[in-house]
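Dropping start_15.cif in here (mmCIF, C-alpha atoms):
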data_structure
loop_
_atom_site.label_atom_id
_atom_site.label_comp_id
_atom_site.auth_asym_id
_atom_site.auth_seq_id
_atom_site.Cartn_x
_atom_site.Cartn_y
_atom_site.Cartn_z
CA MET U 1 -140.61 -9.06 46.66
CA SER U 2 -142.23 -12.48 46.83
CA ALA U 3 -140.85 -15.50 48.63
CA HIS U 4 -140.78 -17.23 45.25
CA ASP U 5 -138.39 -14.74 43.71
CA PRO U 6 -135.80 -17.21 42.38
CA ASP U 7 -132.96 -14.73 42.56
CA ARG U 8 -133.56 -13.99 46.23
CA ASN U 9 -133.96 -17.63 47.13
CA HIS U 10 -130.71 -18.33 45.45
CA ASP U 11 -128.89 -15.65 47.37
CA HIS U 12 -130.08 -17.09 50.64
CA ASP U 13 -129.60 -20.74 49.91
CA HIS U 14 -126.40 -20.94 47.91
CA HIS U 15 -124.45 -17.82 48.62
CA GLY U 16 -121.28 -17.69 46.57
CA GLU U 17 -122.04 -20.60 44.25
CA SER U 18 -122.38 -18.33 41.28
CA HIS U 19 -122.01 -21.09 38.68
CA GLN U 20 -125.19 -22.76 39.85
CA ALA U 21 -127.00 -19.45 40.17
CA ALA U 22 -130.45 -18.72 38.89
CA PRO U 23 -130.12 -15.93 36.34
CA SER U 24 -129.14 -12.65 37.96
CA GLU U 25 -131.19 -9.52 37.40
CA LEU U 26 -128.55 -8.40 34.92
CA ALA U 27 -128.62 -11.68 33.03
CA LEU U 28 -132.40 -11.35 32.72
CA ARG U 29 -132.15 -7.74 31.55
CA VAL U 30 -129.58 -8.68 28.93
CA ALA U 31 -131.63 -11.65 27.72
CA ALA U 32 -134.71 -9.41 27.44
CA LEU U 33 -132.75 -6.81 25.49
CA GLU U 34 -131.35 -9.40 23.11
CA SER U 35 -134.78 -10.84 22.43
CA LEU U 36 -136.14 -7.33 21.80
CA LEU U 37 -133.34 -6.51 19.34
CA VAL U 38 -133.88 -9.81 17.54
CA GLU U 39 -137.65 -9.21 17.41
CA LYS U 40 -137.03 -5.78 15.87
CA GLY U 41 -134.59 -7.22 13.35
CA LEU U 42 -131.76 -5.05 14.69
CA VAL U 43 -129.39 -7.90 15.49
CA ASP U 44 -128.86 -11.36 14.08
CA GLN U 45 -128.54 -13.84 16.93
CA ALA U 46 -126.12 -15.96 14.87
CA ALA U 47 -123.86 -12.92 14.44
CA LEU U 48 -123.81 -12.48 18.23
CA ASP U 49 -122.85 -16.14 18.62
CA VAL U 50 -119.98 -15.72 16.16
CA LEU U 51 -118.77 -12.57 17.96
CA VAL U 52 -118.74 -14.32 21.35
CA ASP U 53 -116.97 -17.34 19.89
CA THR U 54 -114.42 -15.12 18.13
CA TYR U 55 -113.32 -13.42 21.34
CA GLU U 56 -113.66 -16.47 23.57
CA HIS U 57 -111.79 -18.89 21.33
CA ARG U 58 -110.13 -17.32 18.29
CA ILE U 59 -108.54 -14.00 19.21
CA GLY U 60 -106.27 -13.93 22.25
CA PRO U 61 -102.77 -13.38 23.61
CA ARG U 62 -101.35 -16.39 21.71
CA ASN U 63 -101.43 -14.09 18.67
CA GLY U 64 -99.25 -11.48 20.34
CA ALA U 65 -96.92 -14.18 21.68
CA LYS U 66 -96.24 -15.34 18.12
CA VAL U 67 -95.35 -11.78 17.14
CA VAL U 68 -92.92 -11.42 20.05
CA ALA U 69 -91.31 -14.83 19.46
CA ARG U 70 -90.77 -13.97 15.80
CA ALA U 71 -89.14 -10.69 16.85
CA TRP U 72 -86.85 -12.60 19.22
CA VAL U 73 -85.58 -14.97 16.53
CA ASP U 74 -85.57 -12.68 13.49
CA PRO U 75 -83.75 -9.34 13.88
CA ALA U 76 -85.06 -8.05 10.53
CA TYR U 77 -88.65 -8.79 11.63
CA LYS U 78 -87.99 -7.07 14.95
CA ALA U 79 -86.75 -3.98 13.13
CA ARG U 80 -89.91 -3.94 11.00
CA LEU U 81 -92.07 -4.45 14.12
CA LEU U 82 -90.48 -1.50 15.89
CA SER U 83 -90.73 0.79 12.85
CA ASP U 84 -94.21 -0.20 11.56
CA ALA U 85 -95.92 -2.54 13.99
CA THR U 86 -99.26 -2.64 12.15
CA ALA U 87 -97.62 -3.96 8.97
CA ALA U 88 -95.30 -6.35 10.80
CA ILE U 89 -98.18 -7.83 12.82
CA ALA U 90 -100.21 -8.18 9.59
CA GLU U 91 -97.36 -10.30 8.17
CA LEU U 92 -98.36 -12.96 10.72
CA GLY U 93 -102.02 -12.58 9.80
CA PHE U 94 -103.20 -10.46 12.72
CA GLY U 95 -104.86 -7.05 12.70
CA GLY U 96 -108.19 -5.30 12.45
CA LEU U 97 -110.65 -4.09 15.05
CA GLN U 98 -108.84 -2.13 17.79
CA GLY U 99 -105.48 -3.00 16.30
CA GLU U 100 -105.72 -0.77 13.24
CA HIS U 101 -102.83 1.42 14.40
CA MET U 102 -100.20 -0.51 16.34
CA VAL U 103 -96.99 0.63 17.98
CA ALA U 104 -94.52 -1.86 19.49
CA VAL U 105 -92.27 -0.70 22.35
CA GLU U 106 -89.25 -2.74 23.34
CA ASN U 107 -88.05 -3.57 26.84
CA THR U 108 -84.29 -3.45 27.33
CA PRO U 109 -82.06 -3.73 30.40
CA LYS U 110 -82.44 0.07 30.73
CA VAL U 111 -86.09 0.62 29.79
CA HIS U 112 -89.31 -1.06 30.92
CA ASN U 113 -92.63 -0.27 29.20
CA LEU U 114 -96.11 -0.46 30.68
CA VAL U 115 -99.44 0.08 28.89
CA VAL U 116 -102.63 1.54 30.38
CA CYS U 117 -105.78 3.33 29.29
CA THR U 118 -106.59 5.78 32.06
CA LEU U 119 -109.74 7.11 30.36
CA CYS U 120 -111.48 3.84 29.47
CA SER U 121 -110.19 0.40 28.48
CA CYS U 122 -108.34 0.68 25.13
CA TYR U 123 -106.45 -2.54 24.43
CA PRO U 124 -104.91 -4.19 21.33
CA LEU U 125 -107.66 -6.74 20.66
CA PRO U 126 -106.23 -8.57 17.60
CA ILE U 127 -103.06 -9.61 19.42
CA LEU U 128 -104.21 -9.84 23.05
CA GLY U 129 -107.96 -10.51 22.85
CA LEU U 130 -110.27 -8.83 25.36
CA PRO U 131 -108.63 -7.24 28.40
CA PRO U 132 -108.68 -8.80 31.88
CA VAL U 133 -110.85 -7.18 34.54
CA TRP U 134 -107.87 -5.68 36.39
CA TYR U 135 -106.73 -3.78 33.28
CA LYS U 136 -110.14 -2.08 33.08
CA SER U 137 -110.39 -1.52 36.82
CA SER U 138 -110.20 1.78 38.70
CA PRO U 139 -107.13 0.74 40.75
CA TYR U 140 -104.99 0.04 37.67
CA ARG U 141 -106.27 2.96 35.60
CA SER U 142 -105.72 5.43 38.43
CA ARG U 143 -102.27 4.35 39.61
CA ALA U 144 -100.41 3.04 36.54
CA VAL U 145 -99.45 6.58 35.52
CA LEU U 146 -98.92 7.94 39.05
CA ASP U 147 -96.99 5.10 40.64
CA PRO U 148 -95.99 2.51 38.03
CA ARG U 149 -93.26 1.07 40.27
CA GLY U 150 -95.80 0.46 43.04
CA VAL U 151 -98.19 -1.10 40.54
CA LEU U 152 -95.49 -3.42 39.21
CA GLU U 153 -94.65 -4.47 42.76
CA GLU U 154 -98.27 -5.50 43.21
CA PHE U 155 -97.69 -7.86 40.28
CA GLY U 156 -94.54 -9.13 41.98
CA LEU U 157 -92.17 -7.26 39.70
CA ARG U 158 -89.55 -5.08 41.38
CA LEU U 159 -87.39 -3.18 38.91
CA PRO U 160 -84.00 -1.66 39.70
CA ALA U 161 -84.11 2.09 40.33
CA GLU U 162 -81.87 2.66 37.32
CA THR U 163 -84.35 1.03 34.92
CA ALA U 164 -86.40 3.82 33.35
CA ILE U 165 -90.14 3.17 33.27
CA ARG U 166 -92.16 4.35 30.31
CA VAL U 167 -95.92 4.27 30.75
CA TRP U 168 -98.02 4.46 27.57
CA ASP U 169 -101.47 5.95 28.19
CA SER U 170 -103.67 4.80 25.28
CA THR U 171 -105.66 8.02 24.88
CA ALA U 172 -106.11 7.74 21.08
CA GLU U 173 -106.62 4.91 18.56
CA ILE U 174 -102.97 3.86 18.77
CA ARG U 175 -102.62 0.48 20.47
CA TYR U 176 -99.42 -0.60 22.18
CA LEU U 177 -97.60 -3.94 22.32
CA VAL U 178 -94.77 -4.35 24.80
CA VAL U 179 -91.99 -6.54 23.42
CA PRO U 180 -90.51 -8.12 26.56
CA GLU U 181 -86.83 -9.03 26.78
CA ARG U 182 -85.92 -12.53 25.66
CA PRO U 183 -84.87 -14.38 28.82
CA ALA U 184 -81.29 -15.58 29.10
CA GLY U 185 -80.70 -19.30 28.61
CA THR U 186 -83.36 -19.75 25.92
CA ASP U 187 -80.97 -20.22 23.00
CA ARG U 188 -82.02 -23.82 22.43
CA LEU U 189 -85.75 -23.14 22.32
CA ASN U 190 -87.52 -23.01 18.97
CA GLU U 191 -89.91 -20.23 17.98
CA GLU U 192 -92.98 -22.09 19.19
CA GLN U 193 -91.40 -22.82 22.57
CA LEU U 194 -90.32 -19.20 22.83
CA ALA U 195 -93.90 -18.08 22.19
CA SER U 196 -95.01 -20.11 25.21
CA LEU U 197 -92.80 -17.86 27.39
CA VAL U 198 -94.66 -14.73 26.28
CA THR U 199 -97.61 -14.10 28.56
CA ARG U 200 -100.40 -11.58 28.19
CA ASP U 201 -99.08 -9.76 31.25
CA ALA U 202 -95.59 -9.51 29.73
CA MET U 203 -97.08 -7.86 26.63
CA ILE U 204 -98.95 -5.31 28.78
CA GLY U 205 -95.75 -4.76 30.75
CA VAL U 206 -96.81 -5.90 34.24
CA ALA U 207 -94.57 -8.97 34.06
CA LEU U 208 -91.41 -10.25 32.41
CA ALA U 209 -91.41 -13.14 29.97
CA LEU U 210 -91.29 -16.57 31.62
CA THR U 211 -87.88 -18.20 31.84
CA ASN U 212 -89.12 -21.76 31.23
CA PRO U 213 -91.94 -23.06 29.03
CA PRO U 214 -95.02 -23.78 31.19
CA GLY U 215 -94.92 -27.36 32.41
CA ALA U 216 -91.19 -27.78 31.66
CA ALA U 217 -88.84 -29.00 34.35
CA PRO U 218 -87.07 -25.99 35.85
CA MET F 1 -115.61 16.26 30.70
CA ASN F 2 -114.02 16.25 34.12
CA GLY F 3 -115.68 12.96 34.97
CA VAL F 4 -114.81 10.13 37.29
CA HIS F 5 -113.74 8.09 34.24
CA ASP F 6 -110.68 10.36 33.99
CA MET F 7 -108.85 8.42 36.70
CA GLY F 8 -105.17 8.89 35.99
CA GLY F 9 -103.45 9.97 39.21
CA MET F 10 -106.26 9.26 41.67
CA HIS F 11 -105.64 7.58 45.02
CA GLY F 12 -107.85 5.35 47.09
CA MET F 13 -109.15 2.91 44.46
CA GLY F 14 -107.73 -0.11 46.30
CA PRO F 15 -105.45 -2.99 45.30
CA ILE F 16 -105.31 -4.22 41.71
CA ALA F 17 -106.25 -7.85 42.41
CA PRO F 18 -105.38 -9.77 39.24
CA GLU F 19 -107.34 -13.01 38.81
CA ARG F 20 -105.59 -16.28 37.96
CA ASP F 21 -106.77 -18.07 34.79
CA GLU F 22 -109.41 -15.44 34.24
CA PRO F 23 -112.16 -16.39 31.75
CA VAL F 24 -112.79 -14.05 28.80
CA PHE F 25 -116.36 -13.56 30.05
CA HIS F 26 -117.30 -14.27 33.67
CA GLU F 27 -120.98 -14.81 32.84
CA PRO F 28 -122.60 -15.56 29.50
CA TRP F 29 -124.50 -12.24 29.61
CA GLU F 30 -121.20 -10.35 29.45
CA GLY F 31 -120.42 -11.94 26.10
CA ARG F 32 -123.92 -11.12 24.83
CA VAL F 33 -123.49 -7.46 25.86
CA TYR F 34 -120.11 -7.27 24.17
CA ALA F 35 -121.54 -8.83 21.00
CA MET F 36 -124.62 -6.58 21.00
CA VAL F 37 -122.44 -3.49 21.29
CA ARG F 38 -120.44 -4.58 18.25
CA ALA F 39 -123.50 -5.65 16.28
CA MET F 40 -125.40 -2.42 17.03
CA GLY F 41 -122.31 -0.37 16.21
CA ALA F 42 -122.64 -1.77 12.68
CA TRP F 43 -125.75 0.40 12.23
CA ARG F 44 -123.35 3.35 12.19
CA LYS F 45 -125.82 5.57 14.02
CA TRP F 46 -122.99 6.57 16.35
CA ASN F 47 -119.21 6.31 16.41
CA ILE F 48 -116.61 4.97 18.82
CA ASP F 49 -116.07 8.38 20.42
CA ALA F 50 -119.80 8.89 21.04
CA SER F 51 -119.91 5.39 22.47
CA ARG F 52 -117.08 6.16 24.91
CA HIS F 53 -118.69 9.47 25.84
CA GLN F 54 -122.01 7.77 26.55
CA ARG F 55 -120.31 5.60 29.18
CA GLU F 56 -118.65 8.69 30.67
CA LEU F 57 -122.13 10.15 31.19
CA ILE F 58 -123.05 7.41 33.68
CA PRO F 59 -123.35 9.25 37.03
CA PRO F 60 -120.10 8.90 39.02
CA ALA F 61 -121.41 6.81 41.92
CA GLN F 62 -122.97 4.34 39.48
CA TYR F 63 -119.90 4.36 37.25
CA LEU F 64 -117.73 3.25 40.17
CA ARG F 65 -120.23 0.64 41.36
CA MET F 66 -121.01 -0.97 38.01
CA SER F 67 -119.05 -3.82 36.52
CA TYR F 68 -117.42 -3.20 33.16
CA TYR F 69 -120.05 -4.86 30.99
CA GLU F 70 -122.85 -3.28 33.00
CA LYS F 71 -121.42 0.06 31.90
CA TRP F 72 -121.36 -1.18 28.31
CA LEU F 73 -124.98 -2.31 28.61
CA THR F 74 -126.03 1.05 30.05
CA GLY F 75 -124.21 2.98 27.34
CA LEU F 76 -125.70 0.81 24.59
CA VAL F 77 -129.28 1.25 25.81
CA GLU F 78 -128.87 5.02 26.04
CA LEU F 79 -127.38 5.25 22.54
CA MET F 80 -130.12 3.10 21.02
CA VAL F 81 -132.86 5.18 22.64
CA LYS F 82 -131.16 8.48 21.74
CA HIS F 83 -130.85 7.45 18.10
CA GLY F 84 -134.35 6.09 17.79
CA LEU F 85 -133.52 2.40 17.32
CA VAL F 86 -135.58 1.38 20.35
CA THR F 87 -137.93 3.21 22.70
CA ARG F 88 -137.86 3.21 26.48
CA ALA F 89 -141.29 1.57 26.40
CA GLU F 90 -139.89 -1.29 24.33
CA ILE F 91 -136.99 -1.73 26.76
CA GLU F 92 -139.46 -1.77 29.66
CA SER F 93 -141.86 -4.24 28.07
CA GLY F 94 -139.22 -6.35 26.33
CA HIS F 95 -141.29 -6.32 23.13
CA ALA F 96 -141.40 -4.27 19.96
CA THR F 97 -144.17 -1.71 19.60
CA PRO F 98 -146.83 -3.58 17.56
CA ALA F 99 -146.71 -1.22 14.56
CA ALA F 100 -142.90 -1.00 14.50
CA PRO F 101 -141.34 -2.01 11.16
CA LYS F 102 -138.95 -4.95 11.26
CA ALA F 103 -135.40 -4.19 10.18
CA GLN F 104 -132.72 -6.32 8.54
CA PRO F 105 -129.75 -6.77 10.91
CA ALA F 106 -126.80 -4.55 9.99
CA LEU F 107 -124.32 -7.27 10.93
CA ALA F 108 -124.79 -10.82 9.65
CA ALA F 109 -123.00 -13.88 10.99
CA ASP F 110 -120.92 -14.23 7.85
CA THR F 111 -119.68 -10.63 7.97
CA VAL F 112 -118.38 -10.75 11.56
CA ALA F 113 -114.99 -11.97 10.38
CA THR F 114 -114.74 -9.01 7.99
CA LEU F 115 -115.67 -6.60 10.78
CA THR F 116 -113.02 -7.92 13.16
CA ALA F 117 -110.35 -8.33 10.48
CA LYS F 118 -110.79 -4.88 8.92
CA GLY F 119 -111.75 -2.76 11.90
CA SER F 120 -112.33 0.96 11.41
CA PRO F 121 -109.11 2.85 10.85
CA ALA F 122 -109.22 6.31 12.45
CA ASP F 123 -106.46 7.91 10.37
CA ARG F 124 -107.39 10.30 7.59
CA LYS F 125 -105.58 11.48 4.50
CA THR F 126 -104.69 15.14 4.45
CA GLN F 127 -101.95 17.32 3.04
CA ALA F 128 -101.67 19.48 6.15
CA ALA F 129 -98.15 19.60 7.59
CA PRO F 130 -97.77 18.79 11.28
CA ARG F 131 -97.19 21.81 13.49
CA PHE F 132 -94.69 19.92 15.66
CA GLN F 133 -91.75 17.61 15.02
CA PRO F 134 -90.10 15.04 17.30
CA GLY F 135 -88.00 16.82 19.92
CA ASN F 136 -90.18 19.95 19.97
CA ALA F 137 -91.09 21.23 23.45
CA ILE F 138 -94.81 21.69 24.02
CA ILE F 139 -97.13 22.69 26.81
CA THR F 140 -100.60 21.20 27.00
CA ARG F 141 -103.53 23.55 27.13
CA ASN F 142 -105.37 24.11 30.37
CA ILE F 143 -108.80 23.29 29.00
CA HIS F 144 -111.83 21.71 30.63
CA PRO F 145 -114.30 20.79 27.89
CA ALA F 146 -117.71 19.79 29.25
CA GLY F 147 -118.04 17.21 26.48
CA HIS F 148 -115.80 14.34 25.44
CA THR F 149 -112.05 14.88 25.40
CA ARG F 150 -108.98 12.67 25.38
CA LEU F 151 -106.69 15.13 27.15
CA PRO F 152 -106.60 13.64 30.66
CA ARG F 153 -106.78 16.02 33.58
CA TYR F 154 -103.44 14.90 34.95
CA ALA F 155 -101.76 16.08 31.74
CA ARG F 156 -103.20 19.59 31.43
CA ALA F 157 -100.89 22.63 31.58
CA LYS F 158 -97.88 20.29 31.59
CA ARG F 159 -94.64 20.54 29.66
CA GLY F 160 -93.66 17.68 27.41
CA THR F 161 -91.65 16.75 24.34
CA ILE F 162 -92.97 15.46 21.03
CA ASP F 163 -91.78 11.84 20.77
CA ARG F 164 -93.36 10.84 17.47
CA VAL F 165 -95.86 12.09 14.91
CA HIS F 166 -98.55 9.44 14.38
CA GLY F 167 -100.27 11.11 11.42
CA VAL F 168 -103.70 12.67 11.03
CA PHE F 169 -106.55 11.17 13.04
CA VAL F 170 -110.25 11.77 13.71
CA PHE F 171 -110.63 14.27 16.57
CA PRO F 172 -112.72 12.63 19.31
CA ASP F 173 -113.87 15.89 20.93
CA THR F 174 -115.95 16.87 17.88
CA ASN F 175 -116.66 13.37 16.59
CA ALA F 176 -118.26 12.30 19.89
CA ALA F 177 -120.66 15.25 19.62
CA PHE F 178 -121.52 14.45 15.96
CA GLN F 179 -119.89 17.74 14.94
CA GLY F 180 -117.64 16.14 12.35
CA GLU F 181 -114.37 14.26 12.30
CA SER F 182 -112.19 17.43 12.19
CA PRO F 183 -109.03 15.35 11.57
CA GLN F 184 -105.85 16.66 13.19
CA HIS F 185 -102.28 15.57 13.64
CA LEU F 186 -101.83 13.22 16.55
CA TYR F 187 -98.59 12.99 18.52
CA SER F 188 -97.05 10.79 21.13
CA VAL F 189 -95.92 13.26 23.78
CA ARG F 190 -93.37 12.40 26.45
CA PHE F 191 -93.85 13.85 29.94
CA THR F 192 -91.37 13.15 32.69
CA ALA F 193 -92.92 11.61 35.79
CA ARG F 194 -91.53 14.56 37.75
CA GLU F 195 -93.27 17.08 35.50
CA LEU F 196 -96.59 15.31 36.06
CA TRP F 197 -96.30 14.37 39.72
CA GLY F 198 -93.59 16.57 41.22
CA ASN F 199 -90.12 15.91 42.50
CA GLN F 200 -91.30 13.85 45.46
CA ALA F 201 -92.83 11.24 43.20
CA PRO F 202 -91.36 7.73 43.69
CA ALA F 203 -89.79 7.92 40.27
CA SER F 204 -86.39 8.23 38.69
CA ALA F 205 -85.55 11.26 36.58
CA GLU F 206 -85.86 9.02 33.51
CA ASP F 207 -89.35 7.72 34.28
CA ALA F 208 -91.89 9.10 31.85
CA VAL F 209 -95.48 8.87 30.68
CA TYR F 210 -96.23 8.93 26.96
CA ILE F 211 -99.66 10.22 26.00
CA ASP F 212 -101.27 10.38 22.54
CA LEU F 213 -102.49 13.93 22.09
CA TRP F 214 -104.09 15.87 19.24
CA GLU F 215 -102.54 19.05 17.89
CA SER F 216 -105.21 21.38 19.27
CA TYR F 217 -104.40 20.20 22.83
CA LEU F 218 -100.87 21.56 22.45
CA ASP F 219 -99.03 24.87 22.34
CA PRO F 220 -95.35 25.37 21.60
CA ALA F 221 -93.28 25.85 24.77
CA ALA F 222 -90.47 28.32 24.88
#
Let me see the structure of the file written as structure tokens.
Amino acid sequence: MSAHDPDRNHDHDHHGESHQAAPSELALRVAALESLLVEKGLVDQAALDVLVDTYEHRIGPRNGAKVVARAWVDPAYKARLLSDATAAIAELGFGGLQGEHMVAVENTPKVHNLVVCTLCSCYPLPILGLPPVWYKSSPYRSRAVLDPRGVLEEFGLRLPAETAIRVWDSTAEIRYLVVPERPAGTDRLNEEQLASLVTRDAMIGVALALTNPPGAAP
Amino acid sequence: MNGVHDMGGMHGMGPIAPERDEPVFHEPWEGRVYAMVRAMGAWRKWNIDASRHQRELIPPAQYLRMSYYEKWLTGLVELMVKHGLVTRAEIESGHATPAAPKAQPALAADTVATLTAKGSPADRKTQAAPRFQPGNAIITRNIHPAGHTRLPRYARAKRGTIDRVHGVFVFPDTNAAFQGESPQHLYSVRFTARELWGNQAPASAEDAVYIDLWESYLDPAA
């Protein structure tokens, strides 16, 4: 290793300032691979740009929140969502890759649902976007099925002993959406305001819906 | 395979550590890896099950050490080499072999929206009747395939109840090995937490785990 190795210098001089970092070894490997695949005509760089933009900016948990808010205000829609989630979600314009086969599971005062993929990282992309790191991590994948109550407590959610917990392990191509309970005292909120109460975590089942729109006075 | 990826029920992996206001990609290279995996998948040289299995083949110590997208990168490189799209020499040098023909990308920028909007449904049409109906008692087989399987270890030789019949779906165990789709009925099966983890588990009698399982993983229970 030479003293001019930019990566090493960086590690010594600016430890922890990852945003200013010289490219990591991984970043260099990935850039080299991309340039090879472009050179061979195997990938179109513009297609990669569109894919990144799609998942960074276009597909995310706001989609799922709209589905849940609609279910909260429209009992007929909720019934369709619970009987054929794929079709009901398509009514709002969402679906496709890794959401081809959707099932919606409803939280009630007696039942709380939690979604995991113990074998890899299966996640309903069209309505939630790409999963957070913790969802794909060994701690969550290992313990969500074994000790869901302990896992929920790590997220600050303590459920009464009489609430039954249902954990959905996404071992096939079925993708799960948790429909959280509509919080009390939200009768005056419109559908858009209701959607702002529905967080990604609530739709995975590690949290409840918010009780106030973000930024609203409590 | 009984790999380290099959984590359900393990202890000792540490706290969950959710991150506030987490970005979709933590570094630009993660987004490029994700996009390359999708774009190379469009060549249809492999399928989603083979892709998952390739990541399971990462040696356990590395699997646990690697970040998520590093695993995706590793799996992608192995699949591309295995299926002749690139050579190890090209990966090493970063350049195409001089005589190599230049391809036309399988995925163009203007077809990305179609790819994400349509996806690849995994259900298949068949007239076969399901062997089980909701409410039926089943016991999972005690099998340990060396290849890809979606029957987690924690759910083998366990008693459960059919909760719903999803329909007929591609069977990952054969599809991952390029031995055909062998479509089978897929079920959501309910297992009580106590059946899976014993009576000392910190669970109520009503707590349950629902697992999507293919028909050939299941036997009727008396």
Practice item. Determine the residue set returned by the PyMOL selection byres ((chain U) within 7 of (chain F)) for the present structure, and present it as a PyMOL selection string. Key: chain U and resi 27+30+32-33+36+39-44+46-48+50-52+56+95-98+100+118-120+130+134+138-143+145-147+161+164-173
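With only C-alpha atoms as the basis for measurement, U:Ala104 is the residue among U:Ile174, U:Leu210, U:Leu159, U:Ala104 that approaches U:Gly64 most closely.
The interatomic distance for the pair atom CA of U:Ala65 and atom CA of U:Ala202 works out to 9.4 Å.
Every protein or nucleic acid residue with an atom no more than 9 Å from U:Arg62, counting all atoms listed in the file and leaving out same-chain residues fewer than 4 positions away, appears here: Lys66, Val67, Ile127, Leu128, Gly129, Ala195, Ser196, Val198, Thr199 and Arg200 of chain U.
For the atom pair formed by atom CA of F:Ala50 and atom CA of F:Gly147, the distance is 10.1 Å, given to one decimal.
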Practice item. May I ask for the distance between atom CA of F:Thr161 and atom CA of F:Gly135, given in Å to one decimal place? Key: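 Taking atom CA of F:Thr161 and atom CA of F:Gly135, their separation equals 5.7 Å.
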Check your understanding: So which residues fall inside 12 Å of (-93.0, -3.9, 15.7) if we count all atoms listed in the file? Mind giving them as a PyMOL selection string?
Key -> chain U and resi 64+67-72+74-92+101-106+175-180
Okay, now the selection with C-alpha atoms, as a JSON list (two decimals), keeping the file's coordinate frame?
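The resulting file, out-v9.json, is shown below:
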[["chain", "number", "residue", "atom", "x", "y", "z"],
["U", 64, "GLY", "CA", -99.25, -11.48, 20.34],
["U", 67, "VAL", "CA", -95.35, -11.78, 17.14],
["U", 68, "VAL", "CA", -92.92, -11.42, 20.05],
["U", 69, "ALA", "CA", -91.31, -14.83, 19.46],
["U", 70, "ARG", "CA", -90.77, -13.97, 15.80],
["U", 71, "ALA", "CA", -89.14, -10.69, 16.85],
["U", 72, "TRP", "CA", -86.85, -12.60, 19.22],
["U", 74, "ASP", "CA", -85.57, -12.68, 13.49],
["U", 75, "PRO", "CA", -83.75, -9.34, 13.88],
["U", 76, "ALA", "CA", -85.06, -8.05, 10.53],
["U", 77, "TYR", "CA", -88.65, -8.79, 11.63],
["U", 78, "LYS", "CA", -87.99, -7.07, 14.95],
["U", 79, "ALA", "CA", -86.75, -3.98, 13.13],
["U", 80, "ARG", "CA", -89.91, -3.94, 11.00],
["U", 81, "LEU", "CA", -92.07, -4.45, 14.12],
["U", 82, "LEU", "CA", -90.48, -1.50, 15.89],
["U", 83, "SER", "CA", -90.73, 0.79, 12.85],
["U", 84, "ASP", "CA", -94.21, -0.20, 11.56],
["U", 85, "ALA", "CA", -95.92, -2.54, 13.99],
["U", 86, "THR", "CA", -99.26, -2.64, 12.15],
["U", 87, "ALA", "CA", -97.62, -3.96, 8.97],
["U", 88, "ALA", "CA", -95.30, -6.35, 10.80],
["U", 89, "ILE", "CA", -98.18, -7.83, 12.82],
["U", 90, "ALA", "CA", -100.21, -8.18, 9.59],
["U", 91, "GLU", "CA", -97.36, -10.30, 8.17],
["U", 92, "LEU", "CA", -98.36, -12.96, 10.72],
["U", 101, "HIS", "CA", -102.83, 1.42, 14.40],
["U", 102, "MET", "CA", -100.20, -0.51, 16.34],
["U", 103, "VAL", "CA", -96.99, 0.63, 17.98],
["U", 104, "ALA", "CA", -94.52, -1.86, 19.49],
["U", 105, "VAL", "CA", -92.27, -0.70, 22.35],
["U", 106, "GLU", "CA", -89.25, -2.74, 23.34],
["U", 175, "ARG", "CA", -102.62, 0.48, 20.47],
["U", 176, "TYR", "CA", -99.42, -0.60, 22.18],
["U", 177, "LEU", "CA", -97.60, -3.94, 22.32],
["U", 178, "VAL", "CA", -94.77, -4.35, 24.80],
["U", 179, "VAL", "CA", -91.99, -6.54, 23.42],
["U", 180, "PRO", "CA", -90.51, -8.12, 26.56]]
